[in-house]
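Text of the file protein_28.pdb, holding PDB, C-alpha atoms:
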MODEL        1
ATOM      1  CA  MET A   1      80.160 -29.230 -11.235  1.00  0.00           C
ATOM      2  CA  ALA A   2      83.756 -28.010 -11.360  1.00  0.00           C
ATOM      3  CA  LEU A   3      84.131 -24.439 -10.143  1.00  0.00           C
ATOM      4  CA  LYS A   4      87.263 -22.376 -10.562  1.00  0.00           C
ATOM      5  CA  THR A   5      87.733 -18.932  -9.049  1.00  0.00           C
ATOM      6  CA  VAL A   6      89.472 -16.502 -11.382  1.00  0.00           C
ATOM      7  CA  LYS A   7      90.912 -13.438  -9.655  1.00  0.00           C
ATOM      8  CA  THR A   8      92.876 -10.310 -10.421  1.00  0.00           C
ATOM      9  CA  GLU A   9      94.247  -7.596  -8.170  1.00  0.00           C
ATOM     10  CA  SER A  10      94.538  -4.065  -9.526  1.00  0.00           C
ATOM     11  CA  VAL A  11      95.915  -0.715  -8.375  1.00  0.00           C
ATOM     12  CA  LEU A  12      94.884   2.658  -9.823  1.00  0.00           C
ATOM     13  CA  ASP A  13      97.470   5.462  -9.873  1.00  0.00           C
ATOM     14  CA  ALA A  14      96.802   9.207  -9.511  1.00  0.00           C
ATOM     15  CA  LYS A  15      95.448   9.395 -13.066  1.00  0.00           C
ATOM     16  CA  PHE A  16      93.830   6.629 -15.144  1.00  0.00           C
ATOM     17  CA  LYS A  17      96.589   4.021 -15.255  1.00  0.00           C
ATOM     18  CA  LEU A  18      95.570   0.782 -13.586  1.00  0.00           C
ATOM     19  CA  GLU A  19      98.044  -2.065 -13.129  1.00  0.00           C
ATOM     20  CA  SER A  20      96.623  -5.532 -12.634  1.00  0.00           C
ATOM     21  CA  THR A  21      98.291  -8.777 -11.677  1.00  0.00           C
ATOM     22  CA  VAL A  22      96.804 -11.918 -13.177  1.00  0.00           C
ATOM     23  CA  HIS A  23      98.508 -15.309 -12.754  1.00  0.00           C
ATOM     24  CA  GLY A  24     101.812 -13.521 -12.170  1.00  0.00           C
ATOM     25  CA  HIS A  25     101.430 -11.347 -15.283  1.00  0.00           C
ATOM     26  CA  LYS A  26     101.265  -7.557 -15.196  1.00  0.00           C
ATOM     27  CA  VAL A  27      98.510  -6.011 -17.295  1.00  0.00           C
ATOM     28  CA  VAL A  28      98.116  -2.270 -17.800  1.00  0.00           C
ATOM     29  CA  VAL A  29      94.837  -0.456 -18.459  1.00  0.00           C
ATOM     30  CA  ASP A  30      94.912   3.242 -19.296  1.00  0.00           C
ATOM     31  CA  GLN A  31      93.165   5.963 -21.250  1.00  0.00           C
ATOM     32  CA  PRO A  32      94.531   7.803 -24.274  1.00  0.00           C
ATOM     33  CA  ALA A  33      96.586  10.919 -23.537  1.00  0.00           C
ATOM     34  CA  ASN A  34      93.859  13.137 -25.027  1.00  0.00           C
ATOM     35  CA  SER A  35      91.443  11.758 -22.403  1.00  0.00           C
ATOM     36  CA  GLY A  36      93.657  12.429 -19.380  1.00  0.00           C
ATOM     37  CA  GLY A  37      95.555   9.159 -19.395  1.00  0.00           C
ATOM     38  CA  THR A  38      99.111   8.359 -20.352  1.00  0.00           C
ATOM     39  CA  ASP A  39      98.256   5.818 -23.088  1.00  0.00           C
ATOM     40  CA  ALA A  40     100.303   3.170 -21.237  1.00  0.00           C
ATOM     41  CA  GLY A  41      97.887   0.423 -22.260  1.00  0.00           C
ATOM     42  CA  PRO A  42      94.521  -0.371 -23.814  1.00  0.00           C
ATOM     43  CA  THR A  43      91.313   0.949 -22.263  1.00  0.00           C
ATOM     44  CA  PRO A  44      88.938  -1.307 -20.293  1.00  0.00           C
ATOM     45  CA  LEU A  45      86.624  -1.310 -23.335  1.00  0.00           C
ATOM     46  CA  ASP A  46      89.514  -2.465 -25.539  1.00  0.00           C
ATOM     47  CA  TYR A  47      90.271  -5.278 -23.101  1.00  0.00           C
ATOM     48  CA  LEU A  48      86.639  -6.392 -23.182  1.00  0.00           C
ATOM     49  CA  LEU A  49      86.877  -6.864 -26.949  1.00  0.00           C
ATOM     50  CA  VAL A  50      90.277  -8.574 -26.612  1.00  0.00           C
ATOM     51  CA  SER A  51      88.852 -10.839 -23.923  1.00  0.00           C
ATOM     52  CA  LEU A  52      85.991 -11.877 -26.185  1.00  0.00           C
ATOM     53  CA  ALA A  53      88.365 -12.551 -29.099  1.00  0.00           C
ATOM     54  CA  GLY A  54      90.747 -14.433 -26.811  1.00  0.00           C
ATOM     55  CA  CYS A  55      87.985 -16.649 -25.501  1.00  0.00           C
ATOM     56  CA  ILE A  56      86.690 -17.410 -29.003  1.00  0.00           C
ATOM     57  CA  GLY A  57      90.232 -18.326 -30.066  1.00  0.00           C
ATOM     58  CA  THR A  58      90.914 -20.454 -27.011  1.00  0.00           C
ATOM     59  CA  ILE A  59      87.620 -22.325 -27.164  1.00  0.00           C
ATOM     60  CA  GLY A  60      88.103 -22.695 -30.918  1.00  0.00           C
ATOM     61  CA  ARG A  61      91.367 -24.493 -30.296  1.00  0.00           C
ATOM     62  CA  ILE A  62      89.753 -26.724 -27.633  1.00  0.00           C
ATOM     63  CA  VAL A  63      86.821 -27.635 -29.900  1.00  0.00           C
ATOM     64  CA  ALA A  64      89.168 -28.328 -32.826  1.00  0.00           C
ATOM     65  CA  MET A  65      91.345 -30.620 -30.703  1.00  0.00           C
ATOM     66  CA  GLN A  66      88.309 -32.468 -29.347  1.00  0.00           C
ATOM     67  CA  LYS A  67      86.809 -32.925 -32.822  1.00  0.00           C
ATOM     68  CA  GLN A  68      90.202 -33.637 -34.400  1.00  0.00           C
ATOM     69  CA  ILE A  69      89.898 -30.699 -36.781  1.00  0.00           C
ATOM     70  CA  ALA A  70      93.233 -29.583 -38.224  1.00  0.00           C
ATOM     71  CA  LEU A  71      92.808 -25.939 -37.252  1.00  0.00           C
ATOM     72  CA  ARG A  72      95.778 -23.988 -38.609  1.00  0.00           C
ATOM     73  CA  GLY A  73      94.565 -20.784 -36.982  1.00  0.00           C
ATOM     74  CA  MET A  74      91.829 -18.188 -36.803  1.00  0.00           C
ATOM     75  CA  LYS A  75      91.658 -14.458 -37.402  1.00  0.00           C
ATOM     76  CA  ILE A  76      89.106 -12.908 -35.069  1.00  0.00           C
ATOM     77  CA  ALA A  77      87.835  -9.356 -35.488  1.00  0.00           C
ATOM     78  CA  VAL A  78      85.603  -7.971 -32.733  1.00  0.00           C
ATOM     79  CA  GLU A  79      83.929  -4.587 -32.764  1.00  0.00           C
ATOM     80  CA  GLY A  80      81.087  -2.887 -30.972  1.00  0.00           C
ATOM     81  CA  ASP A  81      79.328   0.457 -30.799  1.00  0.00           C
ATOM     82  CA  ILE A  82      79.029   2.281 -27.507  1.00  0.00           C
ATOM     83  CA  ASN A  83      77.291   5.505 -26.541  1.00  0.00           C
ATOM     84  CA  THR A  84      79.826   7.253 -24.315  1.00  0.00           C
ATOM     85  CA  ASP A  85      77.366   9.809 -22.876  1.00  0.00           C
ATOM     86  CA  GLY A  86      76.323   7.595 -19.955  1.00  0.00           C
ATOM     87  CA  LEU A  87      79.843   6.741 -18.815  1.00  0.00           C
ATOM     88  CA  LEU A  88      80.730  10.435 -18.955  1.00  0.00           C
ATOM     89  CA  GLY A  89      77.723  11.306 -16.768  1.00  0.00           C
ATOM     90  CA  LYS A  90      75.765  13.024 -19.540  1.00  0.00           C
ATOM     91  CA  PRO A  91      72.013  12.481 -19.839  1.00  0.00           C
ATOM     92  CA  SER A  92      71.166   9.723 -22.286  1.00  0.00           C
ATOM     93  CA  ALA A  93      68.157   7.560 -23.009  1.00  0.00           C
ATOM     94  CA  ASP A  94      70.530   4.755 -23.981  1.00  0.00           C
ATOM     95  CA  PRO A  95      71.899   2.448 -21.291  1.00  0.00           C
ATOM     96  CA  VAL A  96      75.615   2.503 -20.521  1.00  0.00           C
ATOM     97  CA  GLY A  97      77.397  -0.172 -22.495  1.00  0.00           C
ATOM     98  CA  PHE A  98      77.822  -1.624 -25.917  1.00  0.00           C
ATOM     99  CA  LYS A  99      74.785  -1.910 -28.189  1.00  0.00           C
ATOM    100  CA  GLU A 100      76.098  -5.133 -29.705  1.00  0.00           C
ATOM    101  CA  PHE A 101      79.289  -6.998 -30.468  1.00  0.00           C
ATOM    102  CA  ARG A 102      80.115  -8.059 -34.002  1.00  0.00           C
ATOM    103  CA  ILE A 103      82.575 -10.916 -34.376  1.00  0.00           C
ATOM    104  CA  LEU A 104      83.980 -12.001 -37.711  1.00  0.00           C
ATOM    105  CA  VAL A 105      86.025 -15.195 -37.605  1.00  0.00           C
ATOM    106  CA  ASP A 106      88.203 -16.406 -40.459  1.00  0.00           C
ATOM    107  CA  VAL A 107      88.674 -20.112 -39.719  1.00  0.00           C
ATOM    108  CA  ASP A 108      91.796 -21.549 -41.350  1.00  0.00           C
ATOM    109  CA  ALA A 109      90.856 -25.217 -41.659  1.00  0.00           C
ATOM    110  CA  ASP A 110      89.819 -27.613 -44.379  1.00  0.00           C
ATOM    111  CA  LEU A 111      86.094 -27.223 -43.708  1.00  0.00           C
ATOM    112  CA  THR A 112      83.179 -26.228 -45.913  1.00  0.00           C
ATOM    113  CA  ALA A 113      81.480 -22.892 -45.314  1.00  0.00           C
ATOM    114  CA  GLU A 114      78.642 -24.721 -43.530  1.00  0.00           C
ATOM    115  CA  GLU A 115      81.087 -26.671 -41.354  1.00  0.00           C
ATOM    116  CA  LYS A 116      82.932 -23.472 -40.442  1.00  0.00           C
ATOM    117  CA  GLU A 117      79.651 -21.816 -39.494  1.00  0.00           C
ATOM    118  CA  ALA A 118      78.629 -24.793 -37.329  1.00  0.00           C
ATOM    119  CA  PHE A 119      82.104 -24.878 -35.769  1.00  0.00           C
ATOM    120  CA  ILE A 120      82.136 -21.215 -34.831  1.00  0.00           C
ATOM    121  CA  HIS A 121      78.603 -21.373 -33.398  1.00  0.00           C
ATOM    122  CA  GLU A 122      79.642 -24.282 -31.185  1.00  0.00           C
ATOM    123  CA  VAL A 123      82.690 -22.289 -30.123  1.00  0.00           C
ATOM    124  CA  ASP A 124      80.520 -19.282 -29.244  1.00  0.00           C
ATOM    125  CA  ALA A 125      78.079 -21.481 -27.297  1.00  0.00           C
ATOM    126  CA  ARG A 126      80.991 -22.784 -25.173  1.00  0.00           C
ATOM    127  CA  CYS A 127      82.743 -19.417 -24.654  1.00  0.00           C
ATOM    128  CA  PRO A 128      82.315 -18.176 -21.047  1.00  0.00           C
ATOM    129  CA  VAL A 129      83.033 -14.554 -22.010  1.00  0.00           C
ATOM    130  CA  SER A 130      80.350 -14.619 -24.697  1.00  0.00           C
ATOM    131  CA  PHE A 131      77.959 -16.313 -22.260  1.00  0.00           C
ATOM    132  CA  ASN A 132      78.495 -13.624 -19.628  1.00  0.00           C
ATOM    133  CA  LEU A 133      77.955 -10.880 -22.190  1.00  0.00           C
ATOM    134  CA  LEU A 134      74.748 -12.520 -23.430  1.00  0.00           C
ATOM    135  CA  ASN A 135      73.257 -13.244 -20.024  1.00  0.00           C
ATOM    136  CA  ASN A 136      72.518 -11.282 -16.917  1.00  0.00           C
ATOM    137  CA  THR A 137      75.480 -12.299 -14.785  1.00  0.00           C
ATOM    138  CA  SER A 138      75.214 -10.652 -11.404  1.00  0.00           C
ATOM    139  CA  VAL A 139      77.875  -8.169 -10.367  1.00  0.00           C
ATOM    140  CA  LYS A 140      78.311  -7.624  -6.640  1.00  0.00           C
ATOM    141  CA  ILE A 141      80.374  -4.590  -5.696  1.00  0.00           C
ATOM    142  CA  SER A 142      81.177  -3.191  -2.262  1.00  0.00           C
ATOM    143  CA  ALA A 143      83.603  -0.739  -0.716  1.00  0.00           C
ATOM    144  CA  VAL A 144      86.067  -1.672   2.016  1.00  0.00           C
TER     145      VAL A 144
ENDMDL
END

For this file, produce the structure as structure tokens.
Amino acid sequence: MALKTVKTESVLDAKFKLESTVHGHKVVVDQPANSGGTDAGPTPLDYLLVSLAGCIGTIGRIVAMQKQIALRGMKIAVEGDINTDGLLGKPSADPVGFKEFRILVDVDADLTAEEKEAFIHEVDARCPVSFNLLNNTSVKISAV
């Protein structure tokens, strides 16, 4: 089994702006100005959806190369519904988090509708982000 550790280091400022360094790249997370942030970047929830779309696209390219599919590209729309009461500390019977994710993928390749459906389901089955969202991956958090 090949294991790879993926790591990011992040710093939160006096408000909501968080700057992360990943593989030498700077990534900014923030909240909209009407929520107390400075709108310097997407929210963590936005990045979760982007991460899922990015993984589907990346794995799609890998699967296409391995199966020698002439994949010209993909358009990937990801959306989800979230009850914000829990994250704001308000009483709610619903758990904190998204209820579901809906992904619509427009596969630009010379494949039948059935082949596209099979392709995208294989992609989803191989996507680590999708896997972690579907399964109970443990999260261990501690203060220093």

Exercise. Using the chain letters and numbers from the file, which residues does the PyMOL selection byres ((chain A and resi 130) around 12) grab, as JSON, numbers by chain?
Worked result: {"A": [48, 49, 50, 51, 52, 53, 54, 55, 56, 57, 59, 78, 100, 101, 102, 103, 121, 122, 123, 124, 125, 126, 127, 128, 129, 131, 132, 133, 134, 135, 136, 137]}

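By chain and then residue number, the residues within 10 Å of region 43-46 of chain A are Phe16, Lys17, Leu18, Val28, Val29, Asp30, Gln31, Pro32, Gly37, Ser51, Val78, Glu79, Gly80, Ile82, Gly97 and Phe98 of chain A, counting only C-alpha atoms and disregarding those fewer than 5 positions away in sequence.
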
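Using all atoms listed in the file, the shortest contact distance between Ala118 (chain A) and any of A:Leu87, A:Met74, A:Val22, A:Val63 is found at A:Val63.
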
Seminar exercise, completed: Taken to one decimal, the CA of Val6 (chain A)-CA of His23 (chain A) distance is 9.2 Å

Region 42-52 of chain A, all listed atoms, 4 Å padding on each side: what axis-aligned box centre and edge lengths in Å to one decimal come out, as lines of an AutoDock Vina configuration file?
center_x = 90.3
center_y = -5.5
center_z = -23.6
size_x = 16.5
size_y = 20.8
size_z = 14.7

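Using all atoms listed in the file, the smallest distance between any of A:Glu117, A:Glu9, A:Asp106, A:Glu19 and Ile76 (chain A) comes from A:Asp106.
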
For this session: With all atoms listed in the file counted, which protein, DNA or RNA residues have an atom no more than 8 Å from (88.0, -17.6, -37.9) in the file frame? Please answer as a ChimeraX atom specification.
Result: /A:73-76,104-108,120

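Taking CA of Thr84 (chain A) as the reference point, CA of Ala33 (chain A) is found at 17.2 Å.
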
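Coordinates place CA of Asp13 (chain A) at a distance of 23.5 Å from CA of Gly86 (chain A).
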
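Nearest residue to Arg72 (chain A), choosing from A:Asp110, A:Pro95, A:Tyr47, A:Thr58 and counting only C-alpha atoms: A:Asp110.
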